[in-house]
Amino acid sequence: MTVRHFLADDDLSPAEQAEVLALAARLKTDRFAERPLAGPQTVALLFDKPSTRTRVSFSVGVADLGGTPLVIDAAGSQLGRGEPVADTARVLGRQTAAVVWRTFAQSDLQEMAAHAGVPVVNSLTDAYHPCQILADLQTVAEHKGELAGLTLAYVGDGANNMAHSYALGGATAGLHVRIGTPASDLPDPAVVARAQAVAATTGGSVTVTSDAVEAVSGADVVATDTWISMGQEGQEFERFRPFSLTSGLLAAAKPDAIVLHCLPAYRGKEIDAAVLDGPQSVVWDEAENRLHAQKALLVWLLEKSR
Ligand code: CP
Ligand code: NVA
């Protein structure tokens, strides 16, 4: 048996990502169509960082699939007191159907996957937020009717998990991904190279610029994220100000461009209230789609890991 994991966006091939997104669309219209966890089986949901959307959508999603969600916060587990990841993985893998983990280091997530023996899902690390990008792609497909060939501009912190996942997941979907970020906050070159290699197979592209208007110009989708990610509290952020998603910057995109933000949002910083709460914003669809996209992902991973 080969156990499939979702640790980074490019763990799904373009064809596999399309399968998951198609299932997500079906589950949105027929919420209880898939019950692979009926029994019920348990899915462990581990959180080493705060969460609202991820906690709710995975908890509700596991229940929708017939299973029992088990939320474990770092403060209440031995993992939080330094028990080795591999030991935790062996314990969880013998009793649960899957492990979903929000943590800091990607290497810890990889260690979990190496020892769990059940599917492991990245629900945000410092490096990637791939479940968010599945929901974002579902949202774009709903509003634009297609994915491949569209231009998605991401403006803000280019060195964070969302920038990396937009590059990788967007390239997988055949999007033209443009990252607009200060020269001091460029995405990891290795991730950009990986995303460009994927884009070469899908007809997409990945580019990085330090000119916000150039990034957004003519885009179909404009996305941003907080300037201060979890774990970076207290850091200076005014260097991102030219990349703030204001009405003026949004005007450089196509007139029918849609706006994404994974949330939580900080109005007046990375995005203006007029944009976040305005007619082009689809952020509440995006937040809801976490539920459908992650359910589809779990169904798919469990099916492939049988
Ligand atoms: N977008 C997102 O992951 O939100 P939470 O941090 O609330 O889970
Ligand atoms: N980049 C943000 C995403 C929050 C969902 C963070 O890591 O805090």
# chains A, B, ... in the order shown; residues from 1 in each chain; ligands from 1
call {"tool": "residues_near_ligand", "arguments": {"ligand": "ligand 2", "cutoff": "7 Å", "atoms": "only C-alpha atoms and all ligand atoms", "output": "MDAnalysis selection string"}}
result
chainID A and resid 124 126 160:162 225:226 228:230 262:264
call {"tool": "residues_near_ligand", "arguments": {"ligand": "ligand 1", "cutoff": "6 Å", "atoms": "only C-alpha atoms and all ligand atoms", "output": "PDB file with C-alpha atoms, in the first residue's frame"}}
result
ATOM      1  CA  SER A  51      -6.814  28.862  13.639  1.00  0.00           C
ATOM      2  CA  THR A  52     -10.463  29.643  13.024  1.00  0.00           C
ATOM      3  CA  ARG A  53     -11.232  28.596   9.428  1.00  0.00           C
ATOM      4  CA  THR A  54      -8.998  25.533   9.329  1.00  0.00           C
ATOM      5  CA  ARG A  55     -10.193  24.253  12.684  1.00  0.00           C
ATOM      6  CA  CYS A 262      -7.230  33.692   2.900  1.00  0.00           C
ATOM      7  CA  LEU A 263      -8.189  35.626   6.073  1.00  0.00           C
TER       8      LEU A 263
END
call {"tool": "residues_around", "arguments": {"residues": "Asp185 of chain A", "least_positions_apart": "3", "cutoff": "10 Å", "atoms": "only C-alpha atoms", "output": "PyMOL selection string"}}
result
chain A and resi 156-160+180-182+188+210+239-240
call {"tool": "write_last_selection", "arguments": {"atoms": "C-alpha atoms", "output": "PDB file, in the first residue's frame"}}
result
ATOM      1  CA  GLY A 156       2.337  41.489  -0.291  1.00  0.00           C
ATOM      2  CA  ASP A 157       4.728  39.234   1.612  1.00  0.00           C
ATOM      3  CA  GLY A 158       6.419  37.226  -1.121  1.00  0.00           C
ATOM      4  CA  ALA A 159       8.433  35.108   1.285  1.00  0.00           C
ATOM      5  CA  ASN A 160       5.533  33.511   3.141  1.00  0.00           C
ATOM      6  CA  GLY A 180       4.524  41.348  -6.373  1.00  0.00           C
ATOM      7  CA  THR A 181       6.703  41.857  -3.300  1.00  0.00           C
ATOM      8  CA  PRO A 182       9.564  44.028  -2.027  1.00  0.00           C
ATOM      9  CA  ASP A 188      12.331  30.991  -1.869  1.00  0.00           C
ATOM     10  CA  SER A 210       8.921  44.351  -7.104  1.00  0.00           C
ATOM     11  CA  ARG A 239       7.983  48.096   3.670  1.00  0.00           C
ATOM     12  CA  PHE A 240       4.939  46.280   2.260  1.00  0.00           C
TER      13      PHE A 240
END
call {"tool": "closest_atom_pairs", "arguments": {"of": "segment 5-24 of chain A", "to": "segment 130-144 of chain A", "cutoff": "8 Å", "atoms": "only C-alpha atoms", "output": "tab-separated table"}}
result
residue	atom	partner	partner_atom	distance
A:Phe6	CA	A:Pro130	CA	7.9
A:Leu7	CA	A:Pro130	CA	7.6
A:Ala8	CA	A:Pro130	CA	5.8
A:Asp9	CA	A:Pro130	CA	5.0
A:Leu21	CA	A:Gln138	CA	6.2
A:Ala24	CA	A:Gln138	CA	7.5
call {"tool": "write_last_selection", "arguments": {"atoms": "N, CA and C atoms", "output": "mmCIF file, in the first residue's frame"}}
result
data_model
loop_
_atom_site.group_PDB
_atom_site.id
_atom_site.type_symbol
_atom_site.label_atom_id
_atom_site.label_comp_id
_atom_site.auth_asym_id
_atom_site.auth_seq_id
_atom_site.Cartn_x
_atom_site.Cartn_y
_atom_site.Cartn_z
ATOM 1 N N PHE A 6 -0.377 15.046 1.617
ATOM 2 C CA PHE A 6 -0.482 16.359 0.977
ATOM 3 C C PHE A 6 0.302 17.339 1.850
ATOM 4 N N LEU A 7 1.604 17.391 1.582
ATOM 5 C CA LEU A 7 2.509 18.211 2.400
ATOM 6 C C LEU A 7 2.821 19.534 1.727
ATOM 7 N N ALA A 8 2.755 19.546 0.395
ATOM 8 C CA ALA A 8 2.952 20.770 -0.383
ATOM 9 C C ALA A 8 2.064 20.674 -1.620
ATOM 10 N N ASP A 9 1.797 21.809 -2.232
ATOM 11 C CA ASP A 9 0.837 21.876 -3.335
ATOM 12 C C ASP A 9 1.168 20.906 -4.471
ATOM 13 N N LEU A 21 -10.450 18.923 -7.326
ATOM 14 C CA LEU A 21 -11.308 20.110 -7.486
ATOM 15 C C LEU A 21 -12.682 19.734 -8.049
ATOM 16 N N ALA A 24 -14.557 18.386 -5.196
ATOM 17 C CA ALA A 24 -14.941 19.485 -4.301
ATOM 18 C C ALA A 24 -16.207 20.172 -4.811
#
call {"tool": "select_by_dssp", "arguments": {"residues": "segment 40-225 of chain A", "states": "alpha helix (DSSP H)", "output": "compact mmCIF listing (two decimals) with C-alpha atoms, in the first residue's frame"}}
result
# COMPACT_ATOMS: atom_id res chain seq x y z
CA ARG A 53 -11.23 28.60 9.43
CA THR A 54 -9.00 25.53 9.33
CA ARG A 55 -10.19 24.25 12.68
CA VAL A 56 -13.86 24.68 11.75
CA SER A 57 -13.67 23.43 8.17
CA PHE A 58 -11.71 20.27 8.99
CA SER A 59 -13.88 19.53 12.04
CA VAL A 60 -17.11 19.96 10.09
CA GLY A 61 -15.65 18.23 7.05
CA VAL A 62 -14.58 15.10 8.93
CA ALA A 63 -18.05 14.90 10.51
CA ASP A 64 -19.69 15.34 7.07
CA VAL A 85 7.42 13.84 16.10
CA ALA A 86 8.15 10.27 14.97
CA ASP A 87 6.86 8.81 18.25
CA THR A 88 3.72 10.92 18.05
CA ALA A 89 3.23 9.84 14.44
CA ARG A 90 3.40 6.13 15.36
CA VAL A 91 0.80 6.59 18.10
CA LEU A 92 -1.59 8.61 15.92
CA GLY A 93 -1.18 6.32 12.91
CA GLN A 106 7.99 21.71 7.01
CA SER A 107 10.64 19.18 8.07
CA ASP A 108 8.52 18.22 11.11
CA LEU A 109 5.54 17.60 8.84
CA GLN A 110 7.71 15.42 6.62
CA GLU A 111 8.82 13.50 9.71
CA MET A 112 5.18 12.96 10.67
CA ALA A 113 4.41 11.64 7.18
CA ALA A 114 7.41 9.32 7.25
CA HIS A 115 6.20 7.55 10.40
CA ALA A 116 2.39 7.85 10.57
CA PRO A 130 -1.78 24.09 0.27
CA CYS A 131 -5.31 23.39 1.57
CA GLN A 132 -6.01 27.12 1.27
CA ILE A 133 -4.91 27.12 -2.35
CA LEU A 134 -7.26 24.23 -3.21
CA ALA A 135 -10.13 26.31 -1.82
CA ASP A 136 -8.89 29.37 -3.70
CA LEU A 137 -8.73 27.43 -6.97
CA GLN A 138 -12.25 26.11 -6.41
CA THR A 139 -13.40 29.69 -5.85
CA VAL A 140 -11.69 30.99 -8.99
CA ALA A 141 -13.17 28.15 -11.07
CA GLU A 142 -16.65 28.95 -9.75
CA HIS A 143 -16.39 32.63 -10.61
CA LYS A 144 -14.38 32.41 -13.83
CA ASN A 161 3.52 30.30 2.94
CA MET A 162 0.73 31.80 0.80
CA ALA A 163 3.14 33.16 -1.82
CA HIS A 164 4.83 29.77 -2.09
CA SER A 165 1.55 27.90 -2.34
CA TYR A 166 0.10 30.28 -4.93
CA ALA A 167 3.21 29.70 -7.03
CA LEU A 168 3.12 25.91 -6.75
CA GLY A 169 -0.62 25.29 -6.70
CA GLY A 170 -1.32 27.96 -9.29
CA ALA A 171 1.29 26.56 -11.65
CA THR A 172 -0.23 23.10 -11.18
CA PRO A 189 14.13 30.65 -5.25
CA ALA A 190 13.99 26.86 -4.97
CA VAL A 191 10.20 26.99 -4.66
CA VAL A 192 9.93 29.39 -7.61
CA ALA A 193 12.11 27.07 -9.70
CA ARG A 194 9.93 24.09 -8.74
CA ALA A 195 6.79 26.03 -9.62
CA GLN A 196 8.25 27.14 -12.94
CA ALA A 197 9.09 23.53 -13.79
CA VAL A 198 5.47 22.55 -13.11
CA ALA A 199 4.22 25.57 -15.10
CA ALA A 200 6.27 24.42 -18.09
CA THR A 201 4.09 21.29 -18.17
CA THR A 202 0.73 23.04 -17.71
CA ALA A 212 2.97 46.20 -7.56
CA VAL A 213 1.21 47.72 -10.59
CA GLU A 214 3.16 45.49 -12.96
CA ALA A 215 2.09 42.46 -10.91
CA VAL A 216 -1.61 43.36 -10.93
call {"tool": "residues_around", "arguments": {"residues": "Arg102 of chain A", "least_positions_apart": "3", "cutoff": "8 Å", "atoms": "only C-alpha atoms", "output": "list of chain:residue names"}}
result
A:Leu46, A:Phe47, A:Asp48, A:Lys49, A:Asn122, A:Ser123, A:Leu124, A:Thr125
call {"tool": "write_last_selection", "arguments": {"atoms": "C-alpha atoms", "output": "CSV table (one decimal), in the first residue's frame"}}
result
chain,number,residue,atom,x,y,z
A,46,LEU,CA,-3.2,19.0,15.4
A,47,PHE,CA,-2.7,22.8,15.9
A,48,ASP,CA,0.6,24.3,16.9
A,49,LYS,CA,-0.6,27.8,15.8
A,122,ASN,CA,-0.4,20.2,5.7
A,123,SER,CA,-3.0,22.6,7.2
A,124,LEU,CA,-0.3,25.3,7.2
A,125,THR,CA,3.4,25.4,7.8
call {"tool": "residues_around", "arguments": {"residues": "Ala252 of chain A", "least_positions_apart": "3", "cutoff": "12 Å", "atoms": "only C-alpha atoms", "output": "mmCIF file with N, CA and C atoms, in the first residue's frame"}}
result
data_model
loop_
_atom_site.group_PDB
_atom_site.id
_atom_site.type_symbol
_atom_site.label_atom_id
_atom_site.label_comp_id
_atom_site.auth_asym_id
_atom_site.auth_seq_id
_atom_site.Cartn_x
_atom_site.Cartn_y
_atom_site.Cartn_z
ATOM 1 N N ALA A 153 -2.548 37.455 -9.650
ATOM 2 C CA ALA A 153 -1.512 38.304 -9.048
ATOM 3 C C ALA A 153 -1.633 38.226 -7.538
ATOM 4 N N ALA A 212 4.322 46.675 -7.871
ATOM 5 C CA ALA A 212 2.966 46.205 -7.558
ATOM 6 C C ALA A 212 2.022 46.364 -8.751
ATOM 7 N N VAL A 213 2.117 47.483 -9.458
ATOM 8 C CA VAL A 213 1.214 47.721 -10.593
ATOM 9 C C VAL A 213 1.507 46.729 -11.718
ATOM 10 N N GLU A 214 2.782 46.472 -11.941
ATOM 11 C CA GLU A 214 3.163 45.488 -12.963
ATOM 12 C C GLU A 214 2.588 44.106 -12.616
ATOM 13 N N ALA A 215 2.624 43.763 -11.337
ATOM 14 C CA ALA A 215 2.088 42.459 -10.908
ATOM 15 C C ALA A 215 0.592 42.362 -11.194
ATOM 16 N N VAL A 216 -0.136 43.406 -10.882
ATOM 17 C CA VAL A 216 -1.608 43.362 -10.929
ATOM 18 C C VAL A 216 -2.155 43.671 -12.322
ATOM 19 N N SER A 217 -1.369 44.312 -13.153
ATOM 20 C CA SER A 217 -1.846 44.804 -14.449
ATOM 21 C C SER A 217 -2.537 43.714 -15.284
ATOM 22 N N GLY A 218 -3.807 43.917 -15.573
ATOM 23 C CA GLY A 218 -4.570 43.003 -16.426
ATOM 24 C C GLY A 218 -4.898 41.661 -15.803
ATOM 25 N N ALA A 219 -4.717 41.530 -14.480
ATOM 26 C CA ALA A 219 -4.946 40.230 -13.827
ATOM 27 C C ALA A 219 -6.432 39.891 -13.746
ATOM 28 N N ASP A 220 -6.724 38.580 -13.754
ATOM 29 C CA ASP A 220 -8.095 38.083 -13.581
ATOM 30 C C ASP A 220 -8.442 37.893 -12.110
ATOM 31 N N VAL A 221 -7.404 37.640 -11.317
ATOM 32 C CA VAL A 221 -7.565 37.364 -9.886
ATOM 33 C C VAL A 221 -6.468 38.125 -9.154
ATOM 34 N N VAL A 222 -6.831 38.825 -8.083
ATOM 35 C CA VAL A 222 -5.829 39.520 -7.276
ATOM 36 C C VAL A 222 -5.957 39.018 -5.837
ATOM 37 N N LEU A 245 -3.374 46.282 -1.095
ATOM 38 C CA LEU A 245 -4.417 46.113 -2.120
ATOM 39 C C LEU A 245 -5.504 47.166 -1.896
ATOM 40 N N THR A 246 -5.240 48.331 -2.453
ATOM 41 C CA THR A 246 -6.175 49.458 -2.394
ATOM 42 C C THR A 246 -7.052 49.445 -3.650
ATOM 43 N N SER A 247 -8.092 50.282 -3.648
ATOM 44 C CA SER A 247 -8.941 50.405 -4.846
ATOM 45 C C SER A 247 -8.102 50.875 -6.023
ATOM 46 N N GLY A 248 -7.128 51.745 -5.736
ATOM 47 C CA GLY A 248 -6.271 52.258 -6.802
ATOM 48 C C GLY A 248 -5.448 51.162 -7.449
ATOM 49 N N LEU A 249 -4.862 50.283 -6.629
ATOM 50 C CA LEU A 249 -4.065 49.185 -7.190
ATOM 51 C C LEU A 249 -4.970 48.196 -7.925
ATOM 52 N N PRO A 255 -11.332 44.780 -15.233
ATOM 53 C CA PRO A 255 -12.500 45.346 -14.520
ATOM 54 C C PRO A 255 -13.320 44.283 -13.794
ATOM 55 N N ASP A 256 -13.309 43.054 -14.310
ATOM 56 C CA ASP A 256 -14.089 41.988 -13.657
ATOM 57 C C ASP A 256 -13.202 41.074 -12.807
ATOM 58 N N ALA A 257 -12.033 41.551 -12.427
ATOM 59 C CA ALA A 257 -11.134 40.747 -11.575
ATOM 60 C C ALA A 257 -11.812 40.456 -10.243
#
call {"tool": "atom_distance", "arguments": {"atom1": "atom CA of Val3 of chain A", "atom2": "atom CA of Ala44 of chain A"}}
result
16.3 Å
call {"tool": "closest_residue", "arguments": {"among": "A:Glu236, A:Val299, A:His261, A:Pro242", "to": "Glu19 of chain A", "atoms": "only C-alpha atoms"}}
result
A:Val299
call {"tool": "select_by_dssp", "arguments": {"residues": "segment 31-276 of chain A", "states": "strand (DSSP E or B)", "output": "count of residues only"}}
result
46
call {"tool": "closest_residue", "arguments": {"among": "A:Ala173, A:Gly80, A:Ala251, A:Thr103", "to": "His129 of chain A", "atoms": "only C-alpha atoms"}}
result
A:Thr103
call {"tool": "atom_distance", "arguments": {"atom1": "atom CA of Lys254 of chain A", "atom2": "atom CA of Thr151 of chain A"}}
result
10.0 Å
